[in-house]
Amino acid sequence: MPVAAQPRATLVLDNGAYTIKAGYATVEAPSIIPNCIARGRDRRVYIGDEFLTQCKDFSGVVFRRPFEKGHLTNWESEKAIWDRVLLNPEVGFNVSPDETALIVTEPVLHLPACSSNMDQIVFEEYGFSTYYRCTTSALVHENETGLLFGGSGRSDTTLVVDSGYSATTVIPIVADAVFYPAVRRLNVGGKLLRNFLKETISFRHYNMMDEIHIVNEIKDQSCFVTAQFAKDLETCKRLLPANNPLMLDYVLPRATASGFRQGHVRDVSLPPDPDDQVLTLGNERFSVPEILFSPSDIGIKQAGLPEAIMQAVSAVPDPDARGLLLGNVVLAGGNTKFPGFRERMSMELQALVPDDVTLRIGFPEDPITYGWQGGAQLGQQKSRLRSRQVTRKEYMEHGPNVCLRKFGKKSIKALE
């Protein structure tokens, strides 16, 4: 019996709800591509990377995203984006699926029907040679997480805190496997934070309800997590804007004689431009990220992130594993990049941890691409990857059931 040809390359596709992190396992860093289809004011449609490279006016842009409430539900849009990422030479991949192994991520509590749709698209639409589907947290676990704590190597037990676009999830990984009964999801992500900031700005300053991309840029450049919320809130109430160190001026984007100028934080050392439209931000800067730690502030009946972490750890029955999880907490996702996030997390979580347990929190250099980096490491370990992946021949012979057996079937209780 002839031996099946081995794929020549391994492509890692961290398919996030906001961005796709894609690249071959042999490169140092991935390409970061918007996971969206956008329509500008001129009615022109931009797919994936075209939005950032070709769109000149971000005002009033309308987005269509394949993900809804953390689940990949719109494959018509996702396939159009994947076609550009995988098959279009402009992006730089120009993949030959029949000669490529694919590692792709899915949400941690993805509905089984959505996972099955992905299996079908990968094998029947694209025809990839081999395929491994897993969560981003599983790829985070593939990194040498010991480096984050001043050591080396990787542990078989990790607590991944992934705060992304749709939600924030706490994922205990015990003995190299996600322990689904202990997974906790907080319905606060970058999308909710952006929308809250958009409504606040529109109520207090300018009407920016249609400026989705611009408000997202304001959030990323201006917001921070405070360790003393009540005190900073009082400071903003008591001091005039000119004397308040927490105040910040954000210059909104506008057209100029030389082209379109992006929005930016105003440099106070330079004289102001009279043609600039300036947005002055005060307590909005720290009130928005505060929702991650206190969702009840806007009526969400869920525990804050530190409490959710302790709930997830407490749901693991093995006491030794609980101690290991708290000693190997790894932060991932774009929301963890807020200045002050790590310090606030350490302070609040330390107050909840038992005295006889050592708390260690690892913060990667780039928490957005950290999952992709783990996938790249796995892609270079051919023997480990071979034991997990499904070949196209196996799929055609046995159908979707072979993916259920190899990739694991999630507990129904964990999905409720």
# chains A, B, ... in the order shown; residues from 1 in each chain; ligands from 1
$ residues_around --residues "Ile298 of chain A" --least-positions-apart "2" --cutoff "12 Å" --atoms "only C-alpha atoms" --output "ChimeraX atom specification"
/A:187-188,192-193,196,287-296,300-302
$ residues_around --residues "Cys134 of chain A" --least-positions-apart "2" --cutoff "12 Å" --atoms "only C-alpha atoms" --output "ChimeraX atom specification"
/A:12-15,102-110,115,118-119,131-132,136-142,177-178,371-372,374-375,378,385,388-389,403-404,406-410
$ select_by_dssp --residues "segment 314-373 of chain A" --states "alpha helix (DSSP H)" --output "mmCIF file with N, CA and C atoms, in the first residue's frame"
data_model
loop_
_atom_site.group_PDB
_atom_site.id
_atom_site.type_symbol
_atom_site.label_atom_id
_atom_site.label_comp_id
_atom_site.auth_asym_id
_atom_site.auth_seq_id
_atom_site.Cartn_x
_atom_site.Cartn_y
_atom_site.Cartn_z
ATOM 1 N N SER A 314 -11.931 26.729 40.799
ATOM 2 C CA SER A 314 -12.654 25.960 41.812
ATOM 3 C C SER A 314 -13.435 24.799 41.209
ATOM 4 N N PRO A 319 -7.239 19.109 43.629
ATOM 5 C CA PRO A 319 -6.639 20.263 44.328
ATOM 6 C C PRO A 319 -5.218 20.570 43.857
ATOM 7 N N ASP A 320 -4.460 19.538 43.492
ATOM 8 C CA ASP A 320 -3.111 19.792 42.981
ATOM 9 C C ASP A 320 -3.155 20.543 41.656
ATOM 10 N N ALA A 321 -4.109 20.170 40.808
ATOM 11 C CA ALA A 321 -4.250 20.863 39.521
ATOM 12 C C ALA A 321 -4.666 22.313 39.728
ATOM 13 N N ARG A 322 -5.491 22.571 40.740
ATOM 14 C CA ARG A 322 -5.906 23.956 41.013
ATOM 15 C C ARG A 322 -4.702 24.823 41.368
ATOM 16 N N GLY A 323 -3.810 24.298 42.160
ATOM 17 C CA GLY A 323 -2.603 25.048 42.507
ATOM 18 C C GLY A 323 -1.721 25.301 41.297
ATOM 19 N N LEU A 324 -1.604 24.291 40.421
ATOM 20 C CA LEU A 324 -0.790 24.453 39.209
ATOM 21 C C LEU A 324 -1.402 25.480 38.260
ATOM 22 N N LEU A 325 -2.711 25.489 38.172
ATOM 23 C CA LEU A 325 -3.379 26.456 37.295
ATOM 24 C C LEU A 325 -3.101 27.887 37.745
ATOM 25 N N LEU A 326 -3.217 28.150 39.042
ATOM 26 C CA LEU A 326 -2.965 29.500 39.550
ATOM 27 C C LEU A 326 -1.495 29.889 39.440
ATOM 28 N N PHE A 341 -3.609 46.712 32.849
ATOM 29 C CA PHE A 341 -4.429 45.495 32.962
ATOM 30 C C PHE A 341 -3.737 44.438 33.813
ATOM 31 N N ARG A 342 -2.477 44.202 33.539
ATOM 32 C CA ARG A 342 -1.763 43.141 34.259
ATOM 33 C C ARG A 342 -1.664 43.467 35.748
ATOM 34 N N GLU A 343 -1.343 44.725 36.081
ATOM 35 C CA GLU A 343 -1.198 45.119 37.483
ATOM 36 C C GLU A 343 -2.520 44.994 38.235
ATOM 37 N N ARG A 344 -3.618 45.427 37.605
ATOM 38 C CA ARG A 344 -4.931 45.327 38.245
ATOM 39 C C ARG A 344 -5.324 43.861 38.435
ATOM 40 N N MET A 345 -5.054 43.040 37.421
ATOM 41 C CA MET A 345 -5.376 41.621 37.519
ATOM 42 C C MET A 345 -4.596 40.968 38.654
ATOM 43 N N SER A 346 -3.316 41.264 38.757
ATOM 44 C CA SER A 346 -2.483 40.686 39.814
ATOM 45 C C SER A 346 -2.980 41.103 41.195
ATOM 46 N N MET A 347 -3.334 42.381 41.329
ATOM 47 C CA MET A 347 -3.770 42.904 42.629
ATOM 48 C C MET A 347 -5.077 42.240 43.081
ATOM 49 N N GLU A 348 -6.068 42.182 42.187
ATOM 50 C CA GLU A 348 -7.378 41.644 42.577
ATOM 51 C C GLU A 348 -7.359 40.123 42.709
ATOM 52 N N LEU A 349 -6.601 39.459 41.860
ATOM 53 C CA LEU A 349 -6.567 37.998 41.917
ATOM 54 C C LEU A 349 -5.794 37.521 43.139
ATOM 55 N N GLN A 350 -4.741 38.244 43.499
ATOM 56 C CA GLN A 350 -3.947 37.869 44.672
ATOM 57 C C GLN A 350 -4.799 37.906 45.940
ATOM 58 N N ALA A 351 -5.748 38.820 46.001
ATOM 59 C CA ALA A 351 -6.617 38.926 47.180
ATOM 60 C C ALA A 351 -7.574 37.745 47.293
ATOM 61 N N LEU A 352 -7.801 37.020 46.185
ATOM 62 C CA LEU A 352 -8.734 35.897 46.192
ATOM 63 C C LEU A 352 -8.046 34.536 46.312
ATOM 64 N N TYR A 370 0.024 35.540 20.277
ATOM 65 C CA TYR A 370 0.636 34.477 21.078
ATOM 66 C C TYR A 370 0.057 33.104 20.741
ATOM 67 N N GLY A 371 -1.234 33.049 20.435
ATOM 68 C CA GLY A 371 -1.828 31.783 20.028
ATOM 69 C C GLY A 371 -1.232 31.290 18.722
ATOM 70 N N TRP A 372 -1.075 32.195 17.756
ATOM 71 C CA TRP A 372 -0.461 31.805 16.482
ATOM 72 C C TRP A 372 0.959 31.291 16.700
ATOM 73 N N GLN A 373 1.707 31.934 17.576
ATOM 74 C CA GLN A 373 3.085 31.488 17.832
ATOM 75 C C GLN A 373 3.117 30.056 18.353
#
$ residues_around --residues "Asn94 of chain A" --least-positions-apart "4" --cutoff "10 Å" --atoms "only C-alpha atoms" --output "JSON, numbers by chain"
{"A": [83, 84, 85, 86, 87, 88, 89, 90]}
$ write_last_selection --atoms "C-alpha atoms" --output "mmCIF file, in the first residue's frame"
data_model
loop_
_atom_site.group_PDB
_atom_site.id
_atom_site.type_symbol
_atom_site.label_atom_id
_atom_site.label_comp_id
_atom_site.auth_asym_id
_atom_site.auth_seq_id
_atom_site.Cartn_x
_atom_site.Cartn_y
_atom_site.Cartn_z
ATOM 1 C CA ASP A 83 -10.389 32.979 -0.368
ATOM 2 C CA ARG A 84 -8.500 36.250 -0.320
ATOM 3 C CA VAL A 85 -6.215 35.214 2.553
ATOM 4 C CA LEU A 86 -5.440 31.718 1.282
ATOM 5 C CA LEU A 87 -5.625 31.896 -2.503
ATOM 6 C CA ASN A 88 -4.937 35.491 -3.529
ATOM 7 C CA PRO A 89 -1.232 36.133 -4.284
ATOM 8 C CA GLU A 90 -1.617 39.789 -3.228
#
$ residues_around --residues "Glu284 of chain A" --least-positions-apart "4" --cutoff "8 Å" --atoms "only C-alpha atoms" --output "list of chain:residue names"
A:Leu197, A:Thr200, A:Cys223, A:Val288
$ write_last_selection --atoms "C-alpha atoms" --output "PDB file, in the first residue's frame"
ATOM      1  CA  LEU A 197     -17.453  54.078  24.471  1.00  0.00           C
ATOM      2  CA  THR A 200     -20.760  57.581  25.885  1.00  0.00           C
ATOM      3  CA  CYS A 223      -8.133  53.767  27.372  1.00  0.00           C
ATOM      4  CA  VAL A 288     -14.744  51.555  29.656  1.00  0.00           C
TER       5      VAL A 288
END
$ residues_around --residues "Met208 of chain A" --least-positions-apart "6" --cutoff "12 Å" --atoms "only C-alpha atoms" --output "ChimeraX atom specification"
/A:59-61,194-202,214-216,218,252,279
$ select_by_dssp --residues "segment 57-159 of chain A" --states "strand (DSSP E)" --output "compact mmCIF listing (two decimals) with N, CA, C and O atoms, in the first residue's frame"
# COMPACT_ATOMS: atom_id res chain seq x y z
N VAL A 62 -19.27 50.63 7.11
CA VAL A 62 -20.17 49.59 7.61
C VAL A 62 -19.46 48.24 7.50
O VAL A 62 -18.88 47.92 6.46
N PHE A 63 -19.53 47.45 8.59
CA PHE A 63 -18.82 46.17 8.62
C PHE A 63 -19.80 45.00 8.65
O PHE A 63 -20.87 45.08 9.25
N ARG A 64 -19.40 43.93 8.00
CA ARG A 64 -20.08 42.65 8.14
C ARG A 64 -19.03 41.63 8.58
O ARG A 64 -18.03 41.43 7.89
N PHE A 67 -18.55 36.39 12.49
CA PHE A 67 -18.84 35.92 13.85
C PHE A 67 -20.01 36.69 14.44
O PHE A 67 -20.12 37.91 14.29
N GLU A 68 -20.86 35.98 15.15
CA GLU A 68 -21.97 36.57 15.86
C GLU A 68 -22.01 35.99 17.27
O GLU A 68 -22.15 34.78 17.45
N HIS A 71 -19.66 33.04 17.84
CA HIS A 71 -19.78 31.83 17.04
C HIS A 71 -19.64 32.18 15.56
O HIS A 71 -20.17 33.20 15.10
N LEU A 72 -18.96 31.32 14.83
CA LEU A 72 -18.78 31.51 13.38
C LEU A 72 -20.05 31.04 12.69
O LEU A 72 -20.27 29.83 12.50
N THR A 100 -0.63 21.31 1.52
CA THR A 100 -0.49 22.11 2.75
C THR A 100 -1.26 21.48 3.90
O THR A 100 -2.40 21.03 3.73
N ALA A 101 -0.62 21.44 5.07
CA ALA A 101 -1.30 21.07 6.32
C ALA A 101 -1.84 22.34 6.96
O ALA A 101 -1.14 23.36 7.01
N LEU A 102 -3.07 22.29 7.44
CA LEU A 102 -3.71 23.47 8.01
C LEU A 102 -3.96 23.28 9.50
O LEU A 102 -4.51 22.26 9.92
N ILE A 103 -3.53 24.26 10.29
CA ILE A 103 -3.90 24.35 11.70
C ILE A 103 -4.81 25.57 11.82
O ILE A 103 -4.42 26.68 11.49
N VAL A 104 -6.05 25.37 12.28
CA VAL A 104 -7.01 26.47 12.34
C VAL A 104 -7.69 26.48 13.70
O VAL A 104 -7.90 25.42 14.31
N THR A 105 -8.02 27.66 14.19
CA THR A 105 -8.63 27.77 15.52
C THR A 105 -10.12 28.02 15.41
O THR A 105 -10.63 28.51 14.38
N GLU A 106 -10.83 27.70 16.49
CA GLU A 106 -12.26 27.94 16.63
C GLU A 106 -12.51 28.45 18.04
O GLU A 106 -11.67 28.29 18.93
N THR A 130 -4.01 17.90 5.08
CA THR A 130 -4.29 17.49 6.45
C THR A 130 -4.79 18.71 7.22
O THR A 130 -4.57 19.85 6.80
N TYR A 131 -5.38 18.43 8.39
CA TYR A 131 -6.11 19.52 9.07
C TYR A 131 -6.18 19.22 10.56
O TYR A 131 -6.44 18.09 10.97
N TYR A 132 -5.92 20.27 11.35
CA TYR A 132 -6.06 20.16 12.81
C TYR A 132 -6.86 21.36 13.29
O TYR A 132 -6.45 22.50 13.07
N ARG A 133 -8.00 21.10 13.92
CA ARG A 133 -8.86 22.16 14.46
C ARG A 133 -8.78 22.16 15.98
O ARG A 133 -8.95 21.13 16.61
N CYS A 134 -8.56 23.34 16.56
CA CYS A 134 -8.47 23.44 18.02
C CYS A 134 -8.81 24.86 18.43
O CYS A 134 -9.08 25.72 17.59
N THR A 135 -8.81 25.11 19.72
CA THR A 135 -9.08 26.46 20.22
C THR A 135 -7.79 27.28 20.26
O THR A 135 -6.69 26.71 20.30
N THR A 158 -2.16 24.74 32.31
CA THR A 158 -2.14 26.19 32.08
C THR A 158 -3.55 26.75 32.23
O THR A 158 -4.52 26.11 31.81
N LEU A 159 -3.66 27.93 32.81
CA LEU A 159 -4.93 28.64 32.87
C LEU A 159 -4.85 29.81 31.89
O LEU A 159 -4.14 30.79 32.15
$ residues_around --residues "Gln120 of chain A" --least-positions-apart "5" --cutoff "12 Å" --atoms "only C-alpha atoms" --output "PyMOL selection string"
chain A and resi 75+79+113-115+125-128+131+133+392+395-396+399-403
$ write_last_selection --atoms "N, CA and C atoms" --output "mmCIF file, in the first residue's frame"
data_model
loop_
_atom_site.group_PDB
_atom_site.id
_atom_site.type_symbol
_atom_site.label_atom_id
_atom_site.label_comp_id
_atom_site.auth_asym_id
_atom_site.auth_seq_id
_atom_site.Cartn_x
_atom_site.Cartn_y
_atom_site.Cartn_z
ATOM 1 N N TRP A 75 -20.779 31.677 6.967
ATOM 2 C CA TRP A 75 -19.701 31.113 6.157
ATOM 3 C C TRP A 75 -19.616 31.739 4.780
ATOM 4 N N LYS A 79 -15.893 32.616 3.951
ATOM 5 C CA LYS A 79 -15.224 31.988 2.808
ATOM 6 C C LYS A 79 -14.669 33.039 1.852
ATOM 7 N N ALA A 113 -22.401 22.127 15.475
ATOM 8 C CA ALA A 113 -22.785 22.293 14.071
ATOM 9 C C ALA A 113 -21.845 23.262 13.356
ATOM 10 N N CYS A 114 -21.418 24.304 14.063
ATOM 11 C CA CYS A 114 -20.483 25.274 13.470
ATOM 12 C C CYS A 114 -19.112 24.630 13.232
ATOM 13 N N SER A 115 -18.673 23.788 14.165
ATOM 14 C CA SER A 115 -17.400 23.080 13.996
ATOM 15 C C SER A 115 -17.470 22.142 12.800
ATOM 16 N N GLU A 125 -14.396 22.086 0.254
ATOM 17 C CA GLU A 125 -14.297 23.295 -0.562
ATOM 18 C C GLU A 125 -12.853 23.602 -0.961
ATOM 19 N N TYR A 126 -11.938 23.473 0.020
ATOM 20 C CA TYR A 126 -10.539 23.815 -0.263
ATOM 21 C C TYR A 126 -9.677 22.596 -0.579
ATOM 22 N N GLY A 127 -9.977 21.459 0.014
ATOM 23 C CA GLY A 127 -9.200 20.251 -0.259
ATOM 24 C C GLY A 127 -7.825 20.236 0.371
ATOM 25 N N PHE A 128 -7.710 20.699 1.632
ATOM 26 C CA PHE A 128 -6.411 20.668 2.302
ATOM 27 C C PHE A 128 -5.955 19.232 2.516
ATOM 28 N N TYR A 131 -5.385 18.433 8.388
ATOM 29 C CA TYR A 131 -6.110 19.518 9.067
ATOM 30 C C TYR A 131 -6.181 19.220 10.557
ATOM 31 N N ARG A 133 -8.003 21.104 13.923
ATOM 32 C CA ARG A 133 -8.860 22.161 14.457
ATOM 33 C C ARG A 133 -8.785 22.162 15.976
ATOM 34 N N ARG A 392 -7.173 14.270 4.523
ATOM 35 C CA ARG A 392 -8.329 14.376 3.622
ATOM 36 C C ARG A 392 -8.842 12.986 3.260
ATOM 37 N N TYR A 395 -11.042 11.776 6.028
ATOM 38 C CA TYR A 395 -12.333 12.470 6.026
ATOM 39 C C TYR A 395 -13.248 11.930 4.936
ATOM 40 N N MET A 396 -12.698 11.698 3.743
ATOM 41 C CA MET A 396 -13.515 11.201 2.641
ATOM 42 C C MET A 396 -14.004 9.771 2.899
ATOM 43 N N GLY A 399 -16.045 10.422 6.885
ATOM 44 C CA GLY A 399 -16.928 11.553 7.070
ATOM 45 C C GLY A 399 -16.604 12.371 8.308
ATOM 46 N N PRO A 400 -17.518 13.245 8.747
ATOM 47 C CA PRO A 400 -17.270 14.152 9.872
ATOM 48 C C PRO A 400 -16.971 13.453 11.189
ATOM 49 N N ASN A 401 -17.369 12.206 11.336
ATOM 50 C CA ASN A 401 -17.148 11.513 12.609
ATOM 51 C C ASN A 401 -15.675 11.380 12.959
ATOM 52 N N VAL A 402 -14.819 11.304 11.942
ATOM 53 C CA VAL A 402 -13.390 11.179 12.227
ATOM 54 C C VAL A 402 -12.866 12.460 12.876
ATOM 55 N N CYS A 403 -13.439 13.612 12.530
ATOM 56 C CA CYS A 403 -13.043 14.879 13.160
ATOM 57 C C CYS A 403 -13.519 14.922 14.608
#
$ closest_residue --among "A:Ile173, A:Ala255, A:Ala22, A:Leu331" --to "Leu305 of chain A" --atoms "only C-alpha atoms"
A:Leu331
$ closest_residue --among "A:Leu239, A:Val27, A:Val265, A:Gln54" --to "Arg39 of chain A" --atoms "only C-alpha atoms"
A:Gln54
$ atom_distance --atom1 "atom CA of Glu211 of chain A" --atom2 "atom CA of Ala242 of chain A"
27.3 Å
